[in-house]
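To start, the structure under review is shown below, and the notes come after it.
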Amino acid sequence: MASGEGSSSLLLDEYFASEDARFLVTLRAYRGHKRLAAFADRWKIDTRPWARQQMFDYLAQPLNSRDHQSLVKRLFKHAEEKRDSELMGVFMCAFDRLVRLQRRPPYRYDWQSRQSWTEESLYRPNDTMPLETQRELKDWRGRPYTLPVRIPRGAKLFSLRTRYYLRRRVWRYFRRMGFQRPQEYVNAIAGALKHYTDDDLSAGEHILESWGLVHACFFRHDALEYNASRCLLKEGRSIGELSPAPYFEDLWKEQAACGALMTLLADANSRLVRVWTMQMLRAHHADRLKNLPPEELVKLLDHSDGDVQQFGAELLENLADIDKLTIATWMRLLKTKNDGALATICELMGKHVTVERLDLADCIALARSESTPIARMGMGFLRQRPITTGPDREAIASLAEGKCAAIGHELAIWALDILGKNDVYDVELIVRFFDSLLVTTRKAAWDWLLSQPGGKPVRGHSDPQLWTRLLEAPCDDVRLKIVVLREHRAVGAKIAGRDVDTASLLGAPNVNLKTVWAAVLLSVHRGGRQKTKALRQISDAITRKPDKADALLPVLAVALRSVRPAEVRPALSAIVSAVDRHPPLADAVAKHLPELQLEPVAPIAAGGAV
């Protein structure tokens, strides 16, 4: 490694020749004016796309690497000489970034009034990168010694005067282009503006210090005034007043400029540039925006900036041939992630697209969307379609797989009213809504099952096959509802003085509730109150049909052996209650629960103490 160098010249050459990803890191750490100047001469004539991209990546980083003045100057002069407008645009942004004012609240004191205060002001920091690394001095005896040169905090390349000159020179390149080659100016300056970032323009003083950007976008604004090196606000004016007033405004009004502005809007990295671009489009190209191809609108609607997405929705609303957009184009437009723009698109699609242009599969796909505006629009289309054939009914059964919880209940009720009719009833289609992943859809299916349109229960209410499928439902909330429903109907039967079979209480005889009882008791995370009801129902079932004790007592044993006292106590109470009402069950209890010892208790004598 040569003296004064931060990295090896051999490594730098090797990484550059082999297109290694470590090239830029090694280059920024390299020291030596002469060696970097020689390397710049080799770099600027390299025709590889990778080498050119490395220039862009290098200039996108802060220009704060020591001894790199010669490298930057040679690359800049080469780009200017070759009229490389793309690279000159990167230099414009990089040189504007070199000059930055900072804010500080200095302490002020008035000795006459003896009062102090703080007043925020702007100052230009001394952040010039020194050319030397050490300074030669002599002591009082004349003996030489060296001291290291202090590097200021946040130091950058070039002196302040050189930075001003570089900013003016790069803008002079584009200004001359506007006069000499006006057909190239708009595309060239748009390519330069896209490199500015939000960090570059985060404060008002940073905007004013961006010499190239201010001239390109706001030069003729009456709130600005200029001196040889700086752009200033006039007295009493503010940065918020700035509006588009570009240097070559007539060139921006030409028809070809509309395409450049649309590209800039999609590619710009700064919100300031994007807002300026949208204002320019509205002011000078409103008529052309009405005839934009759908592909351009898709780019805007897919943009990460919500303002750009909303602008795209605005253009879509004012599109001249919006009635002629194909369904495929509408589907691409619906893929935008901005909720505000999406609501506008759905409103326009519902207004300009008739249901006859959509097939049933398209309507179902829209209704199953996770987005509420899209799903609601799809449901509106579905309500306008007649569902008469078997394949149509099988298709709408897939609505059980919808993803929008906001309309899950309404959509399921609509589908079940069609699928649950007596003449087309199919349990395989109905049960899909009880197995849905959406809670609102499952609740709608349960409400439909218990509904009585016209005073009569729906057909599924008395279908033992459906109840059997519900007992095996994968979602525990469905099984819990069965326990609650059975409990309510048992209470109603007792009030009426009837003793009804357990399964008949559900409206479907011959349905085995053992499965749902076991599933409820085995539930770990929920169902506390329903577990108590299930235990009571099992006790009643054992008492009513002692021959079922061998099948149901193991279910009670699940709760009795629980680690939760709140579940053990009801289970124990259920077992004791069953044995008390039917003493022969004691043998079955001893068989399935040998750890449980039941002993008879002598009755309390009349008048005796408790």
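Each chain in the structure tokens gets a letter, A, B, ..., in the order shown, and its residues are numbered from 1; ligands are numbered from 1 in order too.
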Quick one: residues within 10 Å of region 196-208 of chain A, only C-alpha atoms, excluding same-chain residues fewer than 5 positions away - as a VMD selection string? chain A and resid 60 89 to 90 92 to 94 96 to 97 99 to 103 122 213 to 215 218 224 230 to 233 238 to 240 268 to 273
Please provide as a ChimeraX atom specification all residues within 10 Å of region 178-188 of chain A, with the sequence filter that same-chain residues fewer than 4 positions apart are discarded (counting only C-alpha atoms). /A:84-89,172-174,192-193,216,247-249,251-252,254,256-261,263-264
Can you tell me how far CA of Ala415 (chain A) sits from CA of Arg393 (chain A), in Å to one decimal? 8.6 Å
Just give me the gap between CA of Ala397 (chain A) and CA of Leu429 (chain A) in Å, one decimal is fine. 5.8 Å
Option closest in space to Gly32 (chain A), from A:Glu132, A:Asp359, A:Tyr107, A:Val458 [counting only C-alpha atoms]: A:Glu132
Which residues in region 187-427 of chain A does DSSP call strand (DSSP E or B)? List them as a PyMOL selection string. chain A and resi 197+224-226+231-233+269
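Within 12 Å of region 140-149 of chain A, once only C-alpha atoms are used and residues closer than 6 positions along the same chain are dropped, the contacting residues are Met129, Pro130, Leu131, Glu132, Thr133 and Gln134 of chain A.
Take CA of Tyr15 (chain A) and CA of Asp41 (chain A): the distance between them is 16.7 Å.
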Skip Arg153 (chain A) itself and residues of its chain fewer than 3 positions away, then list as a list of chain:residue names all residues within 12 Å of it, counting only C-alpha atoms. A:Asn64, A:Pro125, A:Asn126, A:Asp127, A:Thr128, A:Met129, A:Pro130, A:Arg150, A:Lys156
For the residues selected in the previous step, produce a file with C-alpha atoms as a short mmCIF file (atom, residue, chain, number, x, y, z; two decimals), in the first residue's frame.
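New file again_24.cif:
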```cif
data_model
loop_
_atom_site.label_atom_id
_atom_site.label_comp_id
_atom_site.auth_asym_id
_atom_site.auth_seq_id
_atom_site.Cartn_x
_atom_site.Cartn_y
_atom_site.Cartn_z
CA ASN A 64 -16.52 13.81 0.97
CA PRO A 125 -20.37 26.14 8.01
CA ASN A 126 -16.66 25.83 7.34
CA ASP A 127 -16.79 22.32 5.90
CA THR A 128 -14.07 22.41 3.25
CA MET A 129 -12.01 19.24 3.00
CA PRO A 130 -8.30 20.25 3.48
CA ARG A 150 -7.94 18.93 11.48
CA LYS A 156 -16.89 18.08 1.68
#
```
As a PyMOL selection string, please: the residues near Arg169 (chain A) (cut-off 12 Å, only C-alpha atoms, same-chain neighbours under 5 positions excluded). chain A and resi 73+76-77+80+88+91-92+95-96+162-164+174-176+211-212+229
Quick one: pick out all helix (DSSP H, G or I) residues within region 167-384 of chain A from a backbone DSSP run and write them as number ranges by chain. A: 167-180, 182-193, 204-209, 211-218, 239-241, 249-253, 255-267, 271-284, 286-289, 294-301, 306-317, 322-324, 327-333, 339-352, 355-357, 360-367, 372-383
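For the choices A:Ser18, A:Gln309, A:Ala38, A:Leu27, the atom-to-atom distance to Gly340 (chain A) is smallest for A:Gln309 when using only C-alpha atoms.
For the set A:Ala328, A:Leu316, A:Ile407, A:Leu382, the residue with the smallest atom-to-atom gap to Asn291 (chain A) is A:Leu316, counting only C-alpha atoms.
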